[in-house]
Amino acid sequence: MNTNQLPKEEFVFGVASAAFQIEGAAREDGKGESIWDVMTHEPGKTKRGNTGDITCDHYHRYREDVRLMAQLGVTGYRFSVSWSRVLPNGTGEVNRAGIDFYSNLIDELLQNGIQPYLTLYHWDLPQKLFEKGGWLNPDAPEWFYEYARLIGQRFGDRVRYFITLNEPNNVIEGMTQGGGNAPALAYTVKDRLTAIHNLLKAHGRAVQALRETVPGALIGMAPCSAVPCPIDTDLETVEQARKRYFATAPNDLLGSVTLYSDPIFLGDYPKEYYEYYRGLHPEITPEDRKLISTPVDFCYQNIYVGFPLDRDGKVPDIALPENMLSWPIWPEALYWGPKFLYERYQKPIIITENGLPNADNLCKDAKAHDPERIDFVRRYTQQLFLARAEGVDIRGYFYWSILDNLEWELGFGPRFGLIHVDFHTLKRTPKDSYYDYQKLIQEYRKP
Ligand code: NOJ
């Protein structure tokens, strides 16, 4: 459909990033270590031994990066604060230089007409807190409250949009046998359930801290989900997909939407949680439920993956198109995902991440040609706009990522950026997809 037909108010086109993946300056200006700083220096934990020591060097080059965002025409930039850059020990002493960095970044964004969307926790737990048990420590929600208050107090005069946790399910992945995320240690199911509960309580405490310090704050959490998409619009087929999307399967602590989002929006874990994990889950008090469901403003969601589902609830036996990480590419995910989420949780939706990894390189003409990414963004956003035109309250789309960056334990190989980064010279080169996204944004804005 033609994007010009869309209502114009309040839709944000943005780009996203995360501190550890782009900042570098890992041990500069008083920053404390995070679990990712430590783990990426352990032999064999990341592809080719890649670390976040320098990565895109955004810490020193943020002005250039914001200029590139401004030229792109985005009105939102989602970034995360490195907890241990502002609180080197996780609690207590504040690192002035860390505060100054984010303060300057925020000013730079606002001067360029770009709204900051600030993520508090994008996986880089301060190492000092990890040594105290990390998310298993019953004090973890209070640590997070202190951190969120600091952020609210220092930046709340200029930042309105906040994301508490990024993909809590992937925090748990790093506590699961075979998981690559830091700390990449295998915990028992019981411990993982405790960590989930503490993460959700931490989310609730952060919402409270931000409400106390930032009048008018707009807050949510950003989980990720893979979306089952009905292969036709028969009611039964649609129902199968909806059921699958909101299922809580036994022994699946990673892929469930409801496990992480029902407690926030509906006030409790799904009933299957209590059945499957009887005797294993932590005590869940009425106060906990109330805290976790402290009202939020948005249902943020990271969506990359979709897959087709038939009326028998089966994935048709066809070779699905895949990206270089073997994630199925299914643009309808941005139609059905927001639609299902909106029906269930009744909150405005913002897609806080969506993007395509590729092995992009600079060609003979010194440019980065990435037609697959152009096609990906066009087809996914088309589906999003379709859902929006049908009345789903969708307020924004953030492409992941503005820059090629460190894809965690997979290193620098998978490039998601609209801007190519040469990791030796740190030179930035906008890819073809950068110019096409610029065009898409302009098309949308045309009267
Ligand atoms: C999810 C994460 O939030 C982000 O850090 C990661 O790089 C992208 N998805 C791509 O895997």
# chains A, B, ... in the order shown; residues from 1 in each chain; ligands from 1
$ select_by_dssp --residues "segment 378-438 of chain A" --states "strand (DSSP E or B)" --output "VMD selection string"
chain A and resid 394 to 400 403 415 419 to 421 428 to 431
$ residues_around --residues "Asp432 of chain A" --least-positions-apart "3" --cutoff "7 Å" --atoms "only C-alpha atoms" --output "number ranges by chain"
A: 368-370, 435-436
$ write_last_selection --atoms "C-alpha atoms" --output "mmCIF file, in the first residue's frame"
data_model
loop_
_atom_site.group_PDB
_atom_site.id
_atom_site.type_symbol
_atom_site.label_atom_id
_atom_site.label_comp_id
_atom_site.auth_asym_id
_atom_site.auth_seq_id
_atom_site.Cartn_x
_atom_site.Cartn_y
_atom_site.Cartn_z
ATOM 1 C CA ALA A 368 27.848 -0.767 0.114
ATOM 2 C CA HIS A 369 25.083 -2.225 -2.045
ATOM 3 C CA ASP A 370 22.493 -4.096 -0.001
ATOM 4 C CA TYR A 435 19.265 6.147 1.238
ATOM 5 C CA ASP A 436 16.199 4.033 0.665
#
$ residues_near_ligand --ligand "ligand 1" --cutoff "9 Å" --atoms "only C-alpha atoms and all ligand atoms" --output "MDAnalysis selection string"
chainID A and resid 16:18 20:21 122:123 166:167 170 222:224 302:304 325 352:357 400:401 405:408 414 416
$ write_last_selection --atoms "N, CA, C and O atoms" --output "tab-separated table (two decimals), in the first residue's frame"
chain	number	residue	atom	x	y	z
A	16	ALA	N	18.01	2.12	15.94
A	16	ALA	CA	18.31	1.65	17.30
A	16	ALA	C	19.76	1.17	17.42
A	16	ALA	O	20.42	0.87	16.42
A	17	SER	N	20.21	1.11	18.66
A	17	SER	CA	21.55	0.58	18.96
A	17	SER	C	21.58	0.17	20.43
A	17	SER	O	20.60	0.35	21.14
A	18	ALA	N	22.72	-0.34	20.87
A	18	ALA	CA	22.90	-0.64	22.29
A	18	ALA	C	24.34	-0.31	22.69
A	18	ALA	O	25.26	-0.47	21.88
A	20	PHE	N	26.85	-1.55	24.57
A	20	PHE	CA	28.01	-2.43	24.44
A	20	PHE	C	28.37	-2.70	22.98
A	20	PHE	O	29.53	-2.92	22.65
A	21	GLN	N	27.36	-2.65	22.12
A	21	GLN	CA	27.60	-3.01	20.73
A	21	GLN	C	28.28	-1.90	19.92
A	21	GLN	O	28.86	-2.18	18.88
A	122	HIS	N	20.33	-3.08	28.46
A	122	HIS	CA	20.50	-3.88	27.25
A	122	HIS	C	21.63	-4.89	27.52
A	122	HIS	O	22.68	-4.86	26.88
A	123	TRP	N	21.43	-5.70	28.56
A	123	TRP	CA	22.21	-6.91	28.84
A	123	TRP	C	23.56	-6.73	29.53
A	123	TRP	O	24.19	-7.71	29.92
A	166	ASN	N	15.65	-4.62	27.78
A	166	ASN	CA	15.63	-5.15	26.42
A	166	ASN	C	15.68	-6.67	26.46
A	166	ASN	O	16.57	-7.26	27.09
A	167	GLU	N	14.72	-7.29	25.80
A	167	GLU	CA	14.70	-8.74	25.63
A	167	GLU	C	15.13	-9.51	26.88
A	167	GLU	O	16.18	-10.17	26.89
A	170	ASN	N	16.38	-12.99	26.44
A	170	ASN	CA	17.76	-13.26	26.06
A	170	ASN	C	18.74	-13.10	27.21
A	170	ASN	O	19.87	-13.59	27.13
A	222	ALA	N	10.91	-3.93	26.36
A	222	ALA	CA	11.00	-4.40	24.97
A	222	ALA	C	11.43	-5.86	24.88
A	222	ALA	O	12.61	-6.16	24.75
A	223	PRO	N	10.46	-6.77	24.94
A	223	PRO	CA	10.81	-8.18	24.70
A	223	PRO	C	10.90	-8.44	23.19
A	223	PRO	O	10.59	-7.55	22.39
A	224	CYS	N	11.33	-9.63	22.81
A	224	CYS	CA	11.29	-9.96	21.39
A	224	CYS	C	10.42	-11.18	21.20
A	224	CYS	O	10.22	-11.97	22.13
A	302	ASN	N	10.44	-6.14	19.88
A	302	ASN	CA	11.44	-6.38	18.85
A	302	ASN	C	10.96	-7.56	18.01
A	302	ASN	O	10.73	-8.65	18.55
A	303	ILE	N	10.79	-7.33	16.73
A	303	ILE	CA	10.32	-8.43	15.86
A	303	ILE	C	11.20	-8.52	14.62
A	303	ILE	O	11.32	-7.56	13.85
A	304	TYR	N	11.81	-9.67	14.45
A	304	TYR	CA	12.58	-9.96	13.25
A	304	TYR	C	11.97	-11.14	12.50
A	304	TYR	O	11.90	-11.16	11.29
A	325	LEU	N	21.73	-15.69	9.53
A	325	LEU	CA	21.74	-16.35	10.83
A	325	LEU	C	20.69	-17.46	10.90
A	325	LEU	O	20.36	-17.94	11.98
A	352	THR	N	10.46	-1.72	18.40
A	352	THR	CA	11.72	-1.14	18.88
A	352	THR	C	12.93	-1.74	18.18
A	352	THR	O	14.04	-1.22	18.33
A	353	GLU	N	12.74	-2.82	17.43
A	353	GLU	CA	13.82	-3.38	16.61
A	353	GLU	C	13.23	-4.21	15.48
A	353	GLU	O	12.27	-4.96	15.68
A	354	ASN	N	13.87	-4.10	14.32
A	354	ASN	CA	13.58	-4.96	13.17
A	354	ASN	C	14.71	-4.69	12.19
A	354	ASN	O	15.07	-3.54	11.97
A	355	GLY	N	15.28	-5.75	11.64
A	355	GLY	CA	16.39	-5.49	10.72
A	355	GLY	C	16.95	-6.77	10.13
A	355	GLY	O	16.51	-7.87	10.47
A	356	LEU	N	17.92	-6.60	9.26
A	356	LEU	CA	18.48	-7.73	8.52
A	356	LEU	C	20.01	-7.78	8.65
A	356	LEU	O	20.68	-6.79	8.34
A	357	PRO	N	20.55	-8.94	9.06
A	357	PRO	CA	22.01	-9.09	9.05
A	357	PRO	C	22.48	-9.56	7.68
A	357	PRO	O	21.79	-10.33	7.01
A	400	TRP	N	16.88	-1.74	13.30
A	400	TRP	CA	18.12	-2.20	13.95
A	400	TRP	C	19.10	-2.59	12.86
A	400	TRP	O	18.82	-3.53	12.13
A	401	SER	N	20.17	-1.86	12.71
A	401	SER	CA	20.70	-0.87	13.61
A	401	SER	C	21.21	0.30	12.77
A	401	SER	O	21.37	0.16	11.56
A	405	ASN	N	27.70	-3.31	13.85
A	405	ASN	CA	28.26	-3.28	15.20
A	405	ASN	C	28.62	-4.68	15.68
A	405	ASN	O	28.58	-5.64	14.91
A	406	LEU	N	28.94	-4.79	16.95
A	406	LEU	CA	29.33	-6.08	17.51
A	406	LEU	C	28.06	-6.89	17.79
A	406	LEU	O	27.30	-6.54	18.69
A	407	GLU	N	27.85	-7.94	17.02
A	407	GLU	CA	26.66	-8.76	17.23
A	407	GLU	C	26.97	-9.77	18.36
A	407	GLU	O	27.03	-10.97	18.16
A	408	TRP	N	27.23	-9.22	19.53
A	408	TRP	CA	27.42	-10.01	20.75
A	408	TRP	C	28.43	-11.13	20.55
A	408	TRP	O	29.47	-10.89	19.96
A	414	PRO	N	28.03	-10.63	11.38
A	414	PRO	CA	26.69	-10.26	10.90
A	414	PRO	C	26.50	-8.73	10.98
A	414	PRO	O	26.55	-8.16	12.07
A	416	PHE	N	24.18	-5.57	10.60
A	416	PHE	CA	22.77	-5.16	10.55
A	416	PHE	C	22.61	-3.70	10.14
A	416	PHE	O	21.49	-3.21	10.00
$ residues_around --residues "Gln208 of chain A" --least-positions-apart "5" --cutoff "9 Å" --atoms "only C-alpha atoms" --output "list in words"
Tyr145, Ala148, Arg149, His203, Thr213, Leu291 and Thr294 of chain A
$ closest_residue --among "A:Pro228, A:Gly90, A:Gly279, A:Pro215" --to "Val257 of chain A" --atoms "only C-alpha atoms"
A:Pro228
$ closest_residue --among "A:Pro338, A:Tyr245, A:Pro230, A:Gln346" --to "Leu266 of chain A" --atoms "only C-alpha atoms"
A:Gln346
$ residues_around --residues "Tyr380 of chain A" --least-positions-apart "6" --cutoff "7 Å" --atoms "only C-alpha atoms" --output "PDB file with all heavy atoms, in the first residue's frame"
ATOM      1  N   PRO A 331       7.712 -11.209   6.230  1.00  0.00           N
ATOM      2  CA  PRO A 331       7.282  -9.826   6.506  1.00  0.00           C
ATOM      3  C   PRO A 331       5.949  -9.709   7.235  1.00  0.00           C
ATOM      4  O   PRO A 331       5.741  -8.762   8.005  1.00  0.00           O
ATOM      5  CB  PRO A 331       7.191  -9.203   5.116  1.00  0.00           C
ATOM      6  CG  PRO A 331       8.114 -10.018   4.264  1.00  0.00           C
ATOM      7  CD  PRO A 331       8.066 -11.405   4.809  1.00  0.00           C
ATOM      8  N   GLU A 332       5.027 -10.682   7.029  1.00  0.00           N
ATOM      9  CA  GLU A 332       3.723 -10.620   7.709  1.00  0.00           C
ATOM     10  C   GLU A 332       3.872 -10.589   9.225  1.00  0.00           C
ATOM     11  O   GLU A 332       2.911 -10.280   9.936  1.00  0.00           O
ATOM     12  CB  GLU A 332       2.829 -11.810   7.301  1.00  0.00           C
ATOM     13  CG  GLU A 332       2.235 -11.707   5.910  1.00  0.00           C
ATOM     14  CD  GLU A 332       3.199 -12.154   4.816  1.00  0.00           C
ATOM     15  OE1 GLU A 332       4.368 -12.493   5.147  1.00  0.00           O
ATOM     16  OE2 GLU A 332       2.822 -12.163   3.636  1.00  0.00           O
ATOM     17  N   LEU A 334       5.208  -8.427  10.848  1.00  0.00           N
ATOM     18  CA  LEU A 334       4.924  -7.052  11.303  1.00  0.00           C
ATOM     19  C   LEU A 334       3.467  -6.657  11.083  1.00  0.00           C
ATOM     20  O   LEU A 334       3.064  -5.544  11.410  1.00  0.00           O
ATOM     21  CB  LEU A 334       5.854  -6.030  10.642  1.00  0.00           C
ATOM     22  CG  LEU A 334       7.247  -5.914  11.250  1.00  0.00           C
ATOM     23  CD1 LEU A 334       7.934  -4.619  10.823  1.00  0.00           C
ATOM     24  CD2 LEU A 334       7.248  -6.007  12.769  1.00  0.00           C
TER      25      LEU A 334
END
$ residues_around --residues "Pro286 of chain A" --least-positions-apart "2" --cutoff "12 Å" --atoms "only C-alpha atoms" --output "list of chain:residue names"
A:Pro263, A:Gly267, A:Asp268, A:Tyr269, A:Glu283, A:Ile284, A:Asp288, A:Arg289, A:Lys290, A:Leu291, A:Ile292, A:Ser293
$ write_last_selection --atoms "all heavy atoms" --output "CSV table (one decimal), in the first residue's frame"
chain,number,residue,atom,x,y,z
A,263,PRO,N,2.5,-10.8,33.0
A,263,PRO,CA,2.6,-10.3,34.3
A,263,PRO,C,2.5,-8.7,34.3
A,263,PRO,O,2.0,-8.1,35.2
A,263,PRO,CB,3.9,-10.8,34.8
A,263,PRO,CG,4.2,-12.0,34.1
A,263,PRO,CD,3.6,-11.8,32.7
A,267,GLY,N,-1.3,-8.6,34.8
A,267,GLY,CA,-1.2,-8.7,36.3
A,267,GLY,C,-0.8,-10.1,36.9
A,267,GLY,O,-0.7,-10.2,38.1
A,268,ASP,N,-0.5,-11.0,36.0
A,268,ASP,CA,-0.1,-12.3,36.5
A,268,ASP,C,0.6,-13.2,35.4
A,268,ASP,O,0.3,-12.9,34.2
A,268,ASP,CB,-1.3,-13.1,37.1
A,268,ASP,CG,-0.8,-14.1,38.2
A,268,ASP,OD1,0.4,-14.4,38.3
A,268,ASP,OD2,-1.7,-14.7,38.8
A,269,TYR,N,1.4,-14.1,35.9
A,269,TYR,CA,1.9,-15.1,34.9
A,269,TYR,C,0.8,-15.9,34.3
A,269,TYR,O,-0.3,-16.1,35.0
A,269,TYR,CB,2.9,-16.1,35.6
A,269,TYR,CG,4.2,-15.5,36.1
A,269,TYR,CD1,4.4,-15.0,37.4
A,269,TYR,CD2,5.3,-15.3,35.2
A,269,TYR,CE1,5.6,-14.5,37.8
A,269,TYR,CE2,6.5,-14.8,35.6
A,269,TYR,CZ,6.6,-14.4,36.9
A,269,TYR,OH,7.8,-13.8,37.3
A,283,GLU,N,8.4,-17.8,45.2
A,283,GLU,CA,7.1,-17.4,45.8
A,283,GLU,C,6.7,-16.1,45.1
A,283,GLU,O,7.5,-15.2,44.9
A,283,GLU,CB,7.3,-17.1,47.3
A,283,GLU,CG,5.9,-16.9,48.0
A,283,GLU,CD,6.0,-16.2,49.3
A,283,GLU,OE1,7.2,-16.1,49.9
A,283,GLU,OE2,5.0,-15.8,49.8
A,284,ILE,N,5.4,-16.0,44.7
A,284,ILE,CA,4.9,-14.8,44.0
A,284,ILE,C,3.8,-14.2,44.8
A,284,ILE,O,2.7,-14.8,44.9
A,284,ILE,CB,4.5,-15.2,42.5
A,284,ILE,CG1,5.8,-15.6,41.8
A,284,ILE,CG2,3.8,-14.0,41.8
A,284,ILE,CD1,5.6,-16.5,40.7
A,288,ASP,N,4.1,-8.5,44.7
A,288,ASP,CA,5.0,-8.7,43.5
A,288,ASP,C,4.1,-8.4,42.3
A,288,ASP,O,4.6,-7.7,41.3
A,288,ASP,CB,5.5,-10.1,43.4
A,288,ASP,CG,6.6,-10.4,44.4
A,288,ASP,OD1,7.0,-9.5,45.2
A,288,ASP,OD2,6.9,-11.6,44.6
A,289,ARG,N,3.0,-9.1,42.2
A,289,ARG,CA,2.1,-8.9,41.0
A,289,ARG,C,1.7,-7.5,40.8
A,289,ARG,O,1.7,-7.0,39.7
A,289,ARG,CB,0.8,-9.7,41.2
A,289,ARG,CG,1.0,-11.2,41.2
A,289,ARG,CD,-0.3,-12.0,41.1
A,289,ARG,NE,-0.1,-13.4,41.2
A,289,ARG,CZ,-0.2,-14.1,42.4
A,289,ARG,NH1,-0.6,-13.4,43.5
A,289,ARG,NH2,0.0,-15.4,42.4
A,290,LYS,N,1.5,-6.8,41.9
A,290,LYS,CA,1.1,-5.4,41.8
A,290,LYS,C,2.3,-4.5,41.3
A,290,LYS,O,2.1,-3.7,40.4
A,290,LYS,CB,0.7,-4.9,43.2
A,290,LYS,CG,-0.1,-3.6,43.2
A,290,LYS,CD,-0.9,-3.4,44.4
A,290,LYS,CE,-1.4,-2.0,44.4
A,290,LYS,NZ,-0.9,-1.2,45.4
A,291,LEU,N,3.4,-4.8,41.8
A,291,LEU,CA,4.6,-4.1,41.4
A,291,LEU,C,4.9,-4.3,39.9
A,291,LEU,O,5.1,-3.3,39.2
A,291,LEU,CB,5.8,-4.6,42.3
A,291,LEU,CG,7.2,-4.1,41.8
A,291,LEU,CD1,7.4,-2.6,41.9
A,291,LEU,CD2,8.3,-4.8,42.7
A,292,ILE,N,4.9,-5.6,39.5
A,292,ILE,CA,5.3,-5.9,38.1
A,292,ILE,C,4.3,-5.2,37.2
A,292,ILE,O,4.6,-4.8,36.1
A,292,ILE,CB,5.3,-7.4,37.9
A,292,ILE,CG1,6.5,-8.0,38.7
A,292,ILE,CG2,5.5,-7.8,36.5
A,292,ILE,CD1,6.6,-9.5,38.8
A,293,SER,N,3.0,-5.2,37.6
A,293,SER,CA,2.0,-4.6,36.7
A,293,SER,C,1.7,-3.1,36.9
A,293,SER,O,0.7,-2.6,36.5
A,293,SER,CB,0.7,-5.4,36.8
A,293,SER,OG,0.2,-5.4,38.1
$ atom_distance --atom1 "atom CA of Ser80 of chain A" --atom2 "atom CA of Asp422 of chain A"
22.4 Å
$ residues_around --residues "Phe340 of chain A" --least-positions-apart "4" --cutoff "10 Å" --atoms "only C-alpha atoms" --output "VMD selection string"
chain A and resid 227 238 241 to 243 245 to 246 335 to 336 344 to 346 392
$ write_last_selection --atoms "N, CA and C atoms" --output "mmCIF file, in the first residue's frame"
data_model
loop_
_atom_site.group_PDB
_atom_site.id
_atom_site.type_symbol
_atom_site.label_atom_id
_atom_site.label_comp_id
_atom_site.auth_asym_id
_atom_site.auth_seq_id
_atom_site.Cartn_x
_atom_site.Cartn_y
_atom_site.Cartn_z
ATOM 1 N N VAL A 227 6.898 -14.446 15.312
ATOM 2 C CA VAL A 227 5.446 -14.390 15.127
ATOM 3 C C VAL A 227 4.932 -15.473 14.178
ATOM 4 N N VAL A 238 -6.379 -18.276 11.756
ATOM 5 C CA VAL A 238 -5.929 -17.124 12.544
ATOM 6 C C VAL A 238 -5.870 -17.508 14.025
ATOM 7 N N ALA A 241 -2.807 -19.443 14.929
ATOM 8 C CA ALA A 241 -1.610 -18.593 15.029
ATOM 9 C C ALA A 241 -1.624 -17.799 16.331
ATOM 10 N N ARG A 242 -2.798 -17.278 16.659
ATOM 11 C CA ARG A 242 -2.902 -16.505 17.896
ATOM 12 C C ARG A 242 -2.563 -17.374 19.106
ATOM 13 N N LYS A 243 -3.111 -18.586 19.077
ATOM 14 C CA LYS A 243 -2.869 -19.510 20.197
ATOM 15 C C LYS A 243 -1.378 -19.824 20.329
ATOM 16 N N TYR A 245 1.130 -18.022 19.271
ATOM 17 C CA TYR A 245 1.903 -16.830 19.664
ATOM 18 C C TYR A 245 1.860 -16.631 21.184
ATOM 19 N N PHE A 246 0.696 -16.934 21.766
ATOM 20 C CA PHE A 246 0.548 -16.671 23.196
ATOM 21 C C PHE A 246 0.645 -17.934 24.051
ATOM 22 N N TYR A 335 2.688 -7.546 10.518
ATOM 23 C CA TYR A 335 1.246 -7.335 10.476
ATOM 24 C C TYR A 335 0.605 -8.063 11.664
ATOM 25 N N TRP A 336 0.891 -9.379 11.748
ATOM 26 C CA TRP A 336 0.199 -10.191 12.758
ATOM 27 C C TRP A 336 0.716 -9.938 14.168
ATOM 28 N N ARG A 344 -4.481 -8.317 22.614
ATOM 29 C CA ARG A 344 -4.342 -8.914 23.957
ATOM 30 C C ARG A 344 -4.026 -7.872 25.037
ATOM 31 N N TYR A 345 -3.117 -6.924 24.696
ATOM 32 C CA TYR A 345 -2.621 -6.036 25.758
ATOM 33 C C TYR A 345 -3.165 -4.610 25.692
ATOM 34 N N GLN A 346 -3.779 -4.259 24.565
ATOM 35 C CA GLN A 346 -4.481 -2.969 24.475
ATOM 36 C C GLN A 346 -3.607 -1.756 24.772
ATOM 37 N N VAL A 392 -4.810 -0.874 14.103
ATOM 38 C CA VAL A 392 -3.913 -1.234 15.203
ATOM 39 C C VAL A 392 -3.111 0.021 15.568
#
$ closest_residue --among "A:Val171, A:Val207, A:Val86, A:Ile219" --to "Leu193 of chain A" --atoms "only C-alpha atoms"
A:Val171
$ residues_around --residues "Gln177 of chain A" --least-positions-apart "2" --cutoff "8 Å" --atoms "only C-alpha atoms" --output "list in words"
Met175, Gly179, Ala184, Leu185, Ala186 and Tyr187 of chain A
